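So this block is query.csv, CSV, C-alpha atoms and all ligand atoms:
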chain,number,residue,atom,x,y,z
A,1,MET,CA,-6.5,70.4,-0.7
A,2,LEU,CA,-9.0,68.0,0.8
A,3,GLU,CA,-10.5,67.2,-2.6
A,4,ARG,CA,-7.0,66.6,-4.0
A,5,ILE,CA,-6.3,64.1,-1.3
A,6,GLU,CA,-9.6,62.3,-1.9
A,7,ALA,CA,-8.8,62.3,-5.7
A,8,ILE,CA,-5.4,60.7,-5.1
A,9,ARG,CA,-6.9,58.2,-2.6
A,10,ALA,CA,-9.6,57.2,-5.1
A,11,GLU,CA,-7.2,57.0,-8.1
A,12,ALA,CA,-4.6,54.9,-6.0
A,13,ALA,CA,-7.3,52.6,-4.6
A,14,GLY,CA,-8.6,51.9,-8.1
A,15,ALA,CA,-5.1,51.2,-9.4
A,16,ILE,CA,-4.2,48.9,-6.5
A,17,GLU,CA,-7.5,46.9,-7.0
A,18,GLY,CA,-6.6,46.5,-10.7
A,19,ALA,CA,-2.9,45.5,-10.3
A,20,GLY,CA,-2.2,42.2,-12.1
A,21,SER,CA,1.2,41.3,-10.6
A,22,SER,CA,3.4,41.8,-7.5
A,23,ALA,CA,5.8,43.9,-9.7
A,24,GLU,CA,3.0,46.2,-10.8
A,25,LEU,CA,1.9,46.5,-7.2
A,26,GLU,CA,5.4,47.6,-6.1
A,27,GLU,CA,5.4,50.3,-8.8
A,28,LEU,CA,2.0,51.6,-7.4
A,29,ARG,CA,3.4,51.6,-3.9
A,30,VAL,CA,6.3,53.8,-5.0
A,31,ARG,CA,4.1,56.0,-7.2
A,32,TYR,CA,1.5,56.7,-4.4
A,33,LEU,CA,3.4,56.3,-1.1
A,34,GLY,CA,7.1,56.6,-2.1
A,35,ARG,CA,9.3,59.5,-1.2
A,36,LYS,CA,8.4,61.5,-4.3
A,37,ALA,CA,4.7,60.7,-4.2
A,38,GLU,CA,2.2,63.6,-4.1
A,39,LEU,CA,0.6,62.4,-0.9
A,40,THR,CA,4.0,62.1,0.9
A,41,GLY,CA,4.6,65.7,-0.2
A,42,VAL,CA,1.3,66.8,1.3
A,43,LEU,CA,2.1,65.1,4.6
A,44,ARG,CA,5.6,66.7,4.6
A,45,GLY,CA,4.1,70.1,4.0
A,46,ILE,CA,1.5,70.1,6.7
A,47,ALA,CA,3.6,72.2,9.1
A,48,GLU,CA,3.7,75.0,6.5
A,49,LEU,CA,-0.1,75.1,6.2
A,50,PRO,CA,-2.1,77.8,8.0
A,51,GLN,CA,-2.9,76.7,11.6
A,52,GLU,CA,-6.7,76.2,11.0
A,53,GLU,CA,-6.1,73.8,8.0
A,54,ARG,CA,-3.4,71.6,9.5
A,55,GLY,CA,-5.7,69.3,11.6
A,56,GLN,CA,-8.2,68.6,8.8
A,57,VAL,CA,-5.6,68.1,6.0
A,58,GLY,CA,-3.2,66.2,8.2
A,59,GLY,CA,-6.0,63.9,9.3
A,60,ALA,CA,-7.3,63.3,5.8
A,61,ALA,CA,-3.8,62.7,4.3
A,62,ASN,CA,-2.9,60.2,7.1
A,63,ARG,CA,-6.2,58.3,6.7
A,64,ALA,CA,-5.6,58.1,3.0
A,65,ARG,CA,-2.1,56.8,3.5
A,66,LYS,CA,-3.2,54.2,6.1
A,67,GLU,CA,-6.1,53.1,3.8
A,68,LEU,CA,-3.7,52.8,0.8
A,69,GLU,CA,-1.2,50.9,2.9
A,70,ALA,CA,-3.9,48.4,4.0
A,71,LEU,CA,-5.1,48.0,0.4
A,72,LEU,CA,-1.6,47.4,-0.8
A,73,GLU,CA,-1.1,44.7,1.8
A,74,GLN,CA,-4.4,43.0,1.0
A,75,ARG,CA,-3.7,43.0,-2.7
A,76,ALA,CA,-0.2,41.7,-2.2
A,77,GLU,CA,-1.5,38.7,-0.3
A,78,ALA,CA,-4.1,37.9,-3.0
A,79,LEU,CA,-1.5,38.2,-5.8
A,80,ASP,CA,1.1,36.1,-3.9
A,81,ALA,CA,-1.5,33.3,-3.6
A,82,THR,CA,-2.5,33.3,-7.3
A,83,GLU,CA,1.1,33.6,-8.4
A,84,LEU,CA,2.1,30.7,-6.2
A,85,GLU,CA,-0.8,28.6,-7.5
A,86,ALA,CA,0.2,29.5,-11.1
A,87,GLN,CA,3.9,28.5,-10.4
A,88,LEU,CA,2.9,25.2,-8.9
A,89,VAL,CA,0.9,24.4,-12.0
A,90,THR,CA,3.7,25.3,-14.4
A,91,ASP,CA,6.5,23.7,-12.3
A,92,ARG,CA,4.6,20.4,-11.8
A,93,ILE,CA,6.7,17.3,-12.5
A,94,ASP,CA,4.9,14.1,-13.4
A,95,VAL,CA,7.0,11.6,-11.4
A,96,THR,CA,5.1,8.8,-13.1
A,97,LEU,CA,6.6,9.6,-16.5
A,98,PRO,CA,9.3,7.2,-17.6
A,99,GLY,CA,12.8,8.5,-17.6
A,100,ALA,CA,14.8,9.0,-20.8
A,101,PRO,CA,15.4,6.3,-22.1
A,102,PRO,CA,12.7,4.4,-20.2
A,103,ARG,CA,14.2,1.9,-17.8
A,104,PRO,CA,13.4,-1.7,-18.5
A,105,VAL,CA,11.3,-3.2,-15.8
A,106,GLY,CA,13.0,-6.3,-14.2
A,107,HIS,CA,11.4,-9.6,-13.5
A,108,PRO,CA,11.9,-12.6,-11.2
A,109,HIS,CA,14.7,-15.0,-12.2
A,110,LEU,CA,13.5,-18.2,-13.8
A,111,ILE,CA,14.6,-20.2,-10.7
A,112,ALA,CA,12.6,-17.9,-8.5
A,113,ARG,CA,9.5,-18.3,-10.7
A,114,THR,CA,9.8,-22.0,-10.9
A,115,THR,CA,10.2,-22.2,-7.1
A,116,ARG,CA,7.1,-20.1,-6.7
A,117,LEU,CA,5.1,-22.3,-9.0
A,118,ILE,CA,6.0,-25.4,-6.9
A,119,GLU,CA,5.3,-23.5,-3.6
A,120,ASP,CA,1.9,-22.2,-4.9
A,121,THR,CA,0.9,-25.7,-6.0
A,122,MET,CA,1.7,-27.1,-2.6
A,123,VAL,CA,0.1,-24.2,-0.7
A,124,GLY,CA,-3.0,-25.1,-2.8
A,125,LEU,CA,-2.9,-28.6,-1.2
A,126,GLY,CA,-2.7,-27.1,2.3
A,127,TYR,CA,1.1,-27.0,2.9
A,128,HIS,CA,3.0,-24.3,4.7
A,129,VAL,CA,6.2,-22.8,3.3
A,130,ALA,CA,9.2,-22.7,5.6
A,131,GLU,CA,12.7,-21.4,5.0
A,132,GLY,CA,15.8,-22.1,7.1
A,133,PRO,CA,19.6,-21.5,7.4
A,134,GLU,CA,22.0,-22.5,4.6
A,135,ILE,CA,24.8,-22.9,7.1
A,136,GLU,CA,23.8,-25.9,9.1
A,137,HIS,CA,24.9,-28.2,11.9
A,138,ASP,CA,25.9,-31.7,11.1
A,139,TYR,CA,23.2,-33.0,13.4
A,140,TYR,CA,20.3,-31.4,11.4
A,141,ASN,CA,21.9,-32.1,8.0
A,142,PHE,CA,22.9,-35.7,8.5
A,143,THR,CA,22.5,-37.3,12.0
A,144,ALA,CA,18.8,-36.6,12.5
A,145,LEU,CA,18.2,-37.7,8.9
A,146,ASN,CA,19.5,-41.2,9.6
A,147,HIS,CA,22.9,-40.8,8.0
A,148,PRO,CA,25.2,-43.2,9.9
A,149,PRO,CA,28.7,-42.0,10.8
A,150,GLY,CA,30.9,-42.5,7.7
A,151,HIS,CA,28.0,-42.3,5.2
A,152,PRO,CA,29.5,-41.3,1.8
A,153,ALA,CA,27.4,-38.1,1.6
A,154,ARG,CA,29.2,-36.9,4.8
A,155,MET,CA,32.6,-37.2,3.1
A,156,LEU,CA,34.7,-34.1,2.3
A,157,GLN,CA,34.5,-34.8,-1.5
A,158,ASP,CA,30.7,-34.3,-1.4
A,159,THR,CA,30.0,-31.7,1.3
A,160,PHE,CA,31.4,-28.2,2.0
A,161,TYR,CA,32.5,-27.9,5.6
A,162,VAL,CA,33.4,-24.8,7.6
A,163,GLN,CA,37.1,-25.2,8.1
A,164,SER,CA,37.3,-24.1,11.7
A,165,HIS,CA,34.1,-26.0,12.8
A,166,PRO,CA,34.1,-29.6,11.7
A,167,ASP,CA,30.4,-29.9,12.7
A,168,VAL,CA,29.3,-27.0,10.6
A,169,LEU,CA,28.6,-27.2,6.9
A,170,LEU,CA,26.7,-25.8,3.9
A,171,ARG,CA,23.4,-27.8,3.9
A,172,THR,CA,23.3,-30.5,1.2
A,173,HIS,CA,19.5,-30.5,1.1
A,174,THR,CA,16.7,-28.5,2.7
A,175,SER,CA,15.7,-31.4,4.9
A,176,PRO,CA,17.4,-29.9,8.0
A,177,MET,CA,14.6,-27.4,8.1
A,178,GLN,CA,12.0,-30.1,8.1
A,179,VAL,CA,13.6,-31.5,11.2
A,180,ARG,CA,13.6,-28.0,12.7
A,181,SER,CA,9.9,-27.6,11.7
A,182,MET,CA,9.0,-30.9,13.5
A,183,GLU,CA,10.9,-29.7,16.6
A,184,ALA,CA,8.9,-26.5,16.5
A,185,LYS,CA,5.4,-28.0,16.0
A,186,PRO,CA,3.8,-31.3,16.9
A,187,PRO,CA,2.0,-33.4,14.2
A,188,PRO,CA,0.1,-33.2,11.9
A,189,ILE,CA,2.6,-31.2,9.8
A,190,PHE,CA,2.5,-30.4,6.1
A,191,VAL,CA,5.4,-28.3,5.1
A,192,VAL,CA,7.5,-27.4,2.0
A,193,VAL,CA,11.0,-26.0,2.2
A,194,PRO,CA,12.5,-24.2,-0.8
A,195,GLY,CA,16.0,-22.9,-0.9
A,196,LYS,CA,19.7,-23.1,-1.9
A,197,VAL,CA,21.7,-26.2,-1.2
A,198,TYR,CA,25.4,-27.0,-1.8
A,199,ARG,CA,27.3,-30.0,-3.0
A,200,ARG,CA,30.8,-30.5,-4.4
A,201,ASP,CA,29.7,-31.1,-8.0
A,202,SER,CA,30.0,-29.1,-11.2
A,203,ASP,CA,29.1,-29.9,-14.8
A,204,ALA,CA,26.2,-29.2,-17.3
A,205,THR,CA,23.7,-30.8,-15.0
A,206,HIS,CA,25.3,-30.2,-11.6
A,207,SER,CA,26.2,-26.9,-9.9
A,208,PRO,CA,27.9,-26.5,-6.5
A,209,MET,CA,24.9,-24.4,-5.5
A,210,PHE,CA,21.5,-25.3,-6.6
A,211,HIS,CA,17.8,-25.1,-5.5
A,212,GLN,CA,15.5,-27.6,-4.1
A,213,VAL,CA,12.0,-27.8,-2.8
A,214,GLU,CA,11.4,-30.5,-0.3
A,215,GLY,CA,8.1,-31.5,1.1
A,216,LEU,CA,7.2,-33.3,4.4
A,217,ALA,CA,3.8,-34.6,5.5
A,218,ILE,CA,3.4,-36.3,8.9
A,219,ALA,CA,0.0,-37.3,10.3
A,220,ALA,CA,-1.8,-40.4,11.6
A,221,GLY,CA,-2.5,-42.9,8.8
A,222,LEU,CA,-0.7,-41.4,5.8
A,223,THR,CA,0.3,-44.0,3.2
A,224,LEU,CA,2.3,-44.3,0.0
A,225,ALA,CA,-1.0,-43.7,-1.8
A,226,ASP,CA,-1.2,-40.3,-0.3
A,227,LEU,CA,2.3,-39.6,-1.5
A,228,GLN,CA,1.4,-40.8,-5.0
A,229,GLY,CA,-1.7,-38.5,-5.2
A,230,THR,CA,0.3,-35.5,-3.9
A,231,LEU,CA,3.1,-36.0,-6.4
A,232,LEU,CA,0.6,-36.5,-9.2
A,233,ALA,CA,-1.1,-33.2,-8.4
A,234,MET,CA,2.3,-31.4,-8.3
A,235,CYS,CA,3.6,-32.9,-11.5
A,236,ARG,CA,0.4,-32.1,-13.4
A,237,ALA,CA,0.7,-28.5,-12.2
A,238,LEU,CA,4.3,-28.4,-13.5
A,239,PHE,CA,4.1,-30.4,-16.7
A,240,GLY,CA,0.4,-30.5,-17.8
A,241,GLY,CA,-2.9,-32.1,-16.7
A,242,ASP,CA,-2.4,-35.3,-18.8
A,243,ARG,CA,0.8,-36.4,-17.0
A,244,GLU,CA,1.1,-39.8,-15.4
A,245,LEU,CA,3.7,-41.0,-12.8
A,246,ARG,CA,5.9,-44.1,-12.5
A,247,LEU,CA,7.5,-45.0,-9.2
A,248,ARG,CA,10.7,-47.1,-9.2
A,249,PRO,CA,12.2,-48.5,-6.0
A,250,HIS,CA,15.3,-46.6,-4.8
A,251,PHE,CA,17.3,-46.0,-1.6
A,252,PHE,CA,17.6,-42.8,0.6
A,253,PRO,CA,18.9,-42.9,4.2
A,254,PHE,CA,15.8,-40.9,5.4
A,255,THR,CA,13.0,-42.7,3.7
A,256,GLU,CA,11.8,-46.4,3.7
A,257,PRO,CA,10.6,-47.5,1.3
A,258,SER,CA,12.2,-44.9,-1.1
A,259,VAL,CA,11.2,-44.2,-4.7
A,260,GLU,CA,12.5,-42.4,-7.7
A,261,VAL,CA,9.6,-40.8,-9.6
A,262,ASP,CA,9.3,-40.4,-13.4
A,263,VAL,CA,6.7,-38.3,-15.1
A,264,SER,CA,5.3,-39.2,-18.6
A,265,CYS,CA,7.1,-37.2,-21.3
A,266,PHE,CA,5.2,-34.0,-22.0
A,267,GLN,CA,6.8,-33.7,-25.5
A,268,CYS,CA,5.8,-37.1,-26.9
A,269,GLY,CA,2.9,-37.7,-24.5
A,270,GLY,CA,4.7,-40.8,-23.1
A,271,ARG,CA,4.9,-42.6,-26.5
A,272,GLY,CA,8.7,-42.2,-26.9
A,273,GLU,CA,8.3,-41.0,-30.5
A,274,LEU,CA,7.2,-37.9,-32.2
A,275,ALA,CA,4.4,-37.4,-34.7
A,276,GLY,CA,6.8,-38.0,-37.7
A,277,GLY,CA,7.9,-41.3,-36.1
A,278,GLU,CA,11.4,-40.1,-35.0
A,279,ARG,CA,12.6,-40.8,-31.5
A,280,CYS,CA,11.6,-38.2,-28.8
A,281,ASN,CA,14.8,-36.3,-27.9
A,282,LEU,CA,13.5,-35.1,-24.5
A,283,CYS,CA,12.9,-38.5,-23.0
A,284,LYS,CA,15.4,-40.3,-25.3
A,285,GLY,CA,12.6,-42.5,-26.6
A,286,GLN,CA,11.8,-43.8,-23.1
A,287,GLY,CA,8.4,-42.0,-22.7
A,288,TRP,CA,9.4,-41.2,-19.0
A,289,ILE,CA,11.5,-38.4,-17.5
A,290,GLU,CA,13.0,-38.8,-14.0
A,291,ILE,CA,11.9,-35.9,-12.0
A,292,LEU,CA,12.1,-36.4,-8.2
A,293,GLY,CA,12.9,-38.6,-5.3
A,294,ALA,CA,10.5,-39.5,-2.4
A,295,GLY,CA,9.5,-42.0,0.1
A,296,MET,CA,7.8,-42.8,3.4
A,297,VAL,CA,9.8,-41.1,6.2
A,298,ASP,CA,12.0,-43.7,8.0
A,299,PRO,CA,10.8,-44.3,11.6
A,300,ASN,CA,14.4,-43.7,12.7
A,301,VAL,CA,14.0,-40.1,11.5
A,302,LEU,CA,10.8,-39.7,13.6
A,303,GLY,CA,12.7,-41.2,16.5
A,304,PHE,CA,15.0,-38.1,16.6
A,305,VAL,CA,11.9,-35.9,17.1
A,306,GLU,CA,9.9,-38.2,19.3
A,307,PRO,CA,10.3,-35.9,22.3
A,308,HIS,CA,8.5,-33.3,20.2
A,309,GLY,CA,5.4,-35.4,19.8
A,310,TYR,CA,6.4,-37.6,16.8
A,311,ASP,CA,5.8,-41.2,18.0
A,312,PRO,CA,6.6,-43.5,15.1
A,313,GLU,CA,4.0,-45.9,16.4
A,314,GLN,CA,1.3,-43.2,16.2
A,315,VAL,CA,2.2,-41.0,13.1
A,316,GLN,CA,3.8,-41.7,9.8
A,317,GLY,CA,4.2,-39.8,6.6
A,318,PHE,CA,6.1,-39.1,3.4
A,319,ALA,CA,8.7,-36.8,2.1
A,320,PHE,CA,9.9,-35.7,-1.4
A,321,GLY,CA,12.6,-33.6,-2.9
A,322,ILE,CA,12.6,-31.9,-6.3
A,323,GLY,CA,15.5,-30.1,-8.0
A,324,VAL,CA,14.3,-26.6,-9.2
A,325,GLU,CA,16.9,-26.2,-11.9
A,326,ARG,CA,15.9,-29.5,-13.5
A,327,VAL,CA,12.2,-28.6,-13.5
A,328,ALA,CA,13.1,-25.2,-15.1
A,329,MET,CA,15.4,-26.7,-17.7
A,330,LEU,CA,12.7,-29.2,-18.7
A,331,ARG,CA,9.8,-26.6,-18.7
A,332,HIS,CA,11.8,-24.0,-20.7
A,333,GLY,CA,14.2,-26.1,-22.8
A,334,VAL,CA,17.4,-24.8,-21.1
A,335,PRO,CA,20.2,-27.1,-22.1
A,336,ASP,CA,22.8,-26.3,-19.5
A,337,LEU,CA,22.2,-25.5,-15.8
A,338,ARG,CA,25.1,-23.2,-15.6
A,339,ARG,CA,23.3,-20.7,-17.8
A,340,PHE,CA,21.0,-19.9,-14.9
A,341,PHE,CA,23.9,-18.5,-12.9
A,342,ASP,CA,26.1,-16.8,-15.6
A,343,ASN,CA,24.0,-13.6,-15.1
A,344,ASP,CA,23.9,-13.0,-18.9
A,345,VAL,CA,20.9,-10.8,-19.5
A,346,ARG,CA,20.5,-12.1,-23.0
A,347,MET,CA,19.7,-15.4,-21.4
A,348,LEU,CA,17.6,-14.1,-18.5
A,349,GLU,CA,15.5,-11.6,-20.5
A,350,GLN,CA,14.0,-14.4,-22.5
A,351,PHE,CA,12.0,-15.4,-19.5
A,352,SER,CA,10.3,-12.2,-18.6
A,401,LIG,C1,12.8,-35.4,6.3
A,401,LIG,C2,12.7,-36.7,6.0
A,401,LIG,C3,12.8,-37.1,4.7
A,401,LIG,C4,13.4,-35.6,1.4
A,401,LIG,C5,13.7,-36.4,0.1
A,401,LIG,C6,14.5,-36.9,-1.9
A,401,LIG,C7,13.8,-38.1,-1.6
A,401,LIG,C8,15.2,-36.7,-3.1
A,401,LIG,C9,16.5,-35.2,-4.5
A,401,LIG,C10,15.6,-34.7,-5.6
A,401,LIG,C11,16.5,-34.1,-6.6
A,401,LIG,C12,17.5,-34.2,-4.2
A,401,LIG,O1,17.5,-32.0,-5.5
A,401,LIG,S1,17.8,-33.3,-5.7
A,401,LIG,O2,19.0,-33.7,-6.2
A,401,LIG,N1,15.7,-35.5,-3.3
A,401,LIG,O3,15.4,-37.6,-3.9
A,401,LIG,N2,14.4,-36.0,-0.9
A,401,LIG,S2,13.1,-37.9,-0.1
A,401,LIG,O4,13.3,-36.5,2.4
A,401,LIG,C13,13.1,-36.1,3.7
A,401,LIG,C14,13.2,-34.8,4.1
A,401,LIG,C15,13.0,-34.5,5.4
A,401,LIG,C16,12.6,-35.0,7.8

Could the structure of this file be written out as structure tokens, please?
Amino acid sequence: MLERIEAIRAEAAGAIEGAGSSAELEELRVRYLGRKAELTGVLRGIAELPQEERGQVGGAANRARKELEALLEQRAEALDATELEAQLVTDRIDVTLPGAPPRPVGHPHLIARTTRLIEDTMVGLGYHVAEGPEIEHDYYNFTALNHPPGHPARMLQDTFYVQSHPDVLLRTHTSPMQVRSMEAKPPPIFVVVPGKVYRRDSDATHSPMFHQVEGLAIAAGLTLADLQGTLLAMCRALFGGDRELRLRPHFFPFTEPSVEVDVSCFQCGGRGELAGGERCNLCKGQGWIEILGAGMVDPNVLGFVEPHGYDPEQVQGFAFGIGVERVAMLRHGVPDLRRFFDNDVRMLEQFS
């Protein structure tokens, strides 16, 4: 009997060691330790053995059962681990694979890209970028920018007002944020302000909402020459390294003197005619394209922020404003400004 028990134990131990799957292991458990297993039968029949054999046989059968139970448990753990590992490998999903069909990757809108280009150029010259509220107070949009009461820009035909608050409006330029920047920080200040602005205007070259970047530089000793050099660097970054500038006298309430600035035509090189002798259609034969407005900041404007350190006798500076849509239309040959805001992907995808 003892030999038989040892034979069963040895056979079962070998089989458990060689089991290749959890299912196979379960079969072995039933075969060697189940209700109908030979060893189970031996244990059940102990009471019927002669008294002197019971202790030895019972002890050997119990030890064999305990050993096989332990071996089954060990093998089960090992198999569970390898089976889990195998499952993880076969179930692996590559989340970096494109979906079906692959999704097209988006890109910044042409207006955002053009704004960034202007910002980057000015940051390269040492300017900070500041953004501010689109809903403004009359004080920041007009009063502090030297617009007298009754100035035409303040009129209802030109400006969107908030109905319930006659002093609250949609900003008509980003200049209010330059005033806020001066209130927040004493001179010297070099700041550009990009953003949406609103005017009651709508046609192929005007939209009730459009984008500007305005710049402001205030420090001791700045002159119109500094303004010219700054704008030349910006226009060359936008329209090519060979560009020249032309300044024409103009009027703005917030600058004195004020100028309108033309850039030499980047299609005909400023000649006004193309290689074949025909008139340049971009500059209409003029050789110059109007591109922005600028000027030396009016001392009256500095007077509004004098308590914040801007003494018009001590510091002076310049400001400029440039329309982003106009720059984008010129750089990319877009004929109608409204196309930027139709949200027609056939238009937008051309500029990815
Ligand atoms: C402060 C003082 C002065 C900003 C300026 C212009 C001239 C200008 C236009 C360009 C095309 C508006 O988008 S557009 O239609 N802007 O001509 N803007 S000077 O002058 C400032 C700004 C802030 C404190």

Choose the residue, out of A:Ala217, A:Val105, A:Ala204, A:Ala15, that has the smallest atom-to-atom separation from Arg29 of chain A; count all atoms listed in the file.
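Under the stated criterion, the closest residue is A:Ala15.
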
Closest atom pairs, residues of segment 216-273 of chain A within 9 Å of segment 282-295 of chain A, all atoms listed in the file, as a Markdown table:
| residue | atom | partner | partner_atom | distance |
| --- | --- | --- | --- | --- |
| A:Leu224 | CA | A:Gly295 | CA | 7.6 |
| A:Leu227 | CA | A:Gly295 | CA | 7.8 |
| A:Cys235 | CA | A:Ile291 | CA | 8.8 |
| A:Leu245 | CA | A:Trp288 | CA | 8.4 |
| A:Arg246 | CA | A:Trp288 | CA | 7.9 |
| A:His250 | CA | A:Gly293 | CA | 8.4 |
| A:Phe251 | CA | A:Gly295 | CA | 8.9 |
| A:Phe252 | CA | A:Gly295 | CA | 8.2 |
| A:Phe254 | CA | A:Gly295 | CA | 8.3 |
| A:Thr255 | CA | A:Gly295 | CA | 5.1 |
| A:Glu256 | CA | A:Gly295 | CA | 6.1 |
| A:Pro257 | CA | A:Gly295 | CA | 5.7 |
| A:Ser258 | CA | A:Gly295 | CA | 4.1 |
| A:Val259 | CA | A:Ala294 | CA | 5.3 |
| A:Glu260 | CA | A:Gly293 | CA | 4.5 |
| A:Val261 | CA | A:Leu292 | CA | 5.3 |
| A:Asp262 | CA | A:Glu290 | CA | 4.1 |
| A:Val263 | CA | A:Ile289 | CA | 5.4 |
| A:Ser264 | CA | A:Trp288 | CA | 4.6 |
| A:Cys265 | CA | A:Trp288 | CA | 5.2 |
| A:Phe266 | CA | A:Gly287 | CA | 8.6 |
| A:Gln267 | CA | A:Leu282 | CA | 6.9 |
| A:Cys268 | CA | A:Gly287 | CA | 7.0 |
| A:Gly269 | CA | A:Gly287 | CA | 7.2 |
| A:Gly270 | CA | A:Gly287 | CA | 3.9 |
| A:Arg271 | CA | A:Gly287 | CA | 5.2 |
| A:Gly272 | CA | A:Gly285 | CA | 3.9 |
| A:Glu273 | CA | A:Gly285 | CA | 6.0 |

For the selection just defined, write its residues with C-alpha atoms to a file, as a short mmCIF file (atom, residue, chain, number, x, y, z; two decimals), in the frame of the given file.
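Contents of the output file part-v5.cif:
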data_model
loop_
_atom_site.label_atom_id
_atom_site.label_comp_id
_atom_site.auth_asym_id
_atom_site.auth_seq_id
_atom_site.Cartn_x
_atom_site.Cartn_y
_atom_site.Cartn_z
CA LEU A 224 2.30 -44.30 0.00
CA LEU A 227 2.30 -39.60 -1.50
CA CYS A 235 3.60 -32.90 -11.50
CA LEU A 245 3.70 -41.00 -12.80
CA ARG A 246 5.90 -44.10 -12.50
CA HIS A 250 15.30 -46.60 -4.80
CA PHE A 251 17.30 -46.00 -1.60
CA PHE A 252 17.60 -42.80 0.60
CA PHE A 254 15.80 -40.90 5.40
CA THR A 255 13.00 -42.70 3.70
CA GLU A 256 11.80 -46.40 3.70
CA PRO A 257 10.60 -47.50 1.30
CA SER A 258 12.20 -44.90 -1.10
CA VAL A 259 11.20 -44.20 -4.70
CA GLU A 260 12.50 -42.40 -7.70
CA VAL A 261 9.60 -40.80 -9.60
CA ASP A 262 9.30 -40.40 -13.40
CA VAL A 263 6.70 -38.30 -15.10
CA SER A 264 5.30 -39.20 -18.60
CA CYS A 265 7.10 -37.20 -21.30
CA PHE A 266 5.20 -34.00 -22.00
CA GLN A 267 6.80 -33.70 -25.50
CA CYS A 268 5.80 -37.10 -26.90
CA GLY A 269 2.90 -37.70 -24.50
CA GLY A 270 4.70 -40.80 -23.10
CA ARG A 271 4.90 -42.60 -26.50
CA GLY A 272 8.70 -42.20 -26.90
CA GLU A 273 8.30 -41.00 -30.50
#

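Counting from atom CA of Pro166 of chain A, the distance to atom CA of Thr143 of chain A is 13.9 Å.
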
If you count all atoms listed in the file, which residues end up within 8 Å of ligand LIG 401 (chain A), as a PyMOL selection string?
chain A and resi 144-145+173-179+182+210-216+252+254-255+258-260+291-298+301-302+318-324

Counting only C-alpha atoms, the option among A:Val191, A:Val305, A:Met347, A:Met1 closest to Asn146 of chain A
A:Val305

Atom CA of Arg248 of chain A and atom CA of Pro312 of chain A are how many Å apart?
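Separating atom CA of Arg248 of chain A from atom CA of Pro312 of chain A is a distance of 24.9 Å.
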
Find the spatial neighbours of Gly309 of chain A, counting only C-alpha atoms, within a cut-off of 10 Å - ignore same-chain residues fewer than 4 positions away - and output them as a list in words.
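With the cut-off at 10 Å, the set is Met182, Glu183, Lys185, Pro186, Pro187, Pro188, Leu302, Gly303, Val305, Gln314 and Val315 of chain A.
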
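Taking atom CA of Asp167 of chain A and atom CA of Phe341 of chain A as the two end points, the separation is 28.8 Å.
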
For each of A:Gly277, A:Gly41, A:Gly14, A:Gly195, take the minimum atom-to-atom distance to Asn62 of chain A, counting all atoms listed in the file, then give the residue where this is smallest.
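Ranking A:Gly277, A:Gly41, A:Gly14, A:Gly195 by distance to Asn62 of chain A, first place goes to A:Gly41.
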
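Among the candidates A:Pro307, A:Gly106, A:Gly59, A:Pro208, the residue lying nearest to Arg338 of chain A is A:Pro208 (atoms considered: all atoms listed in the file).
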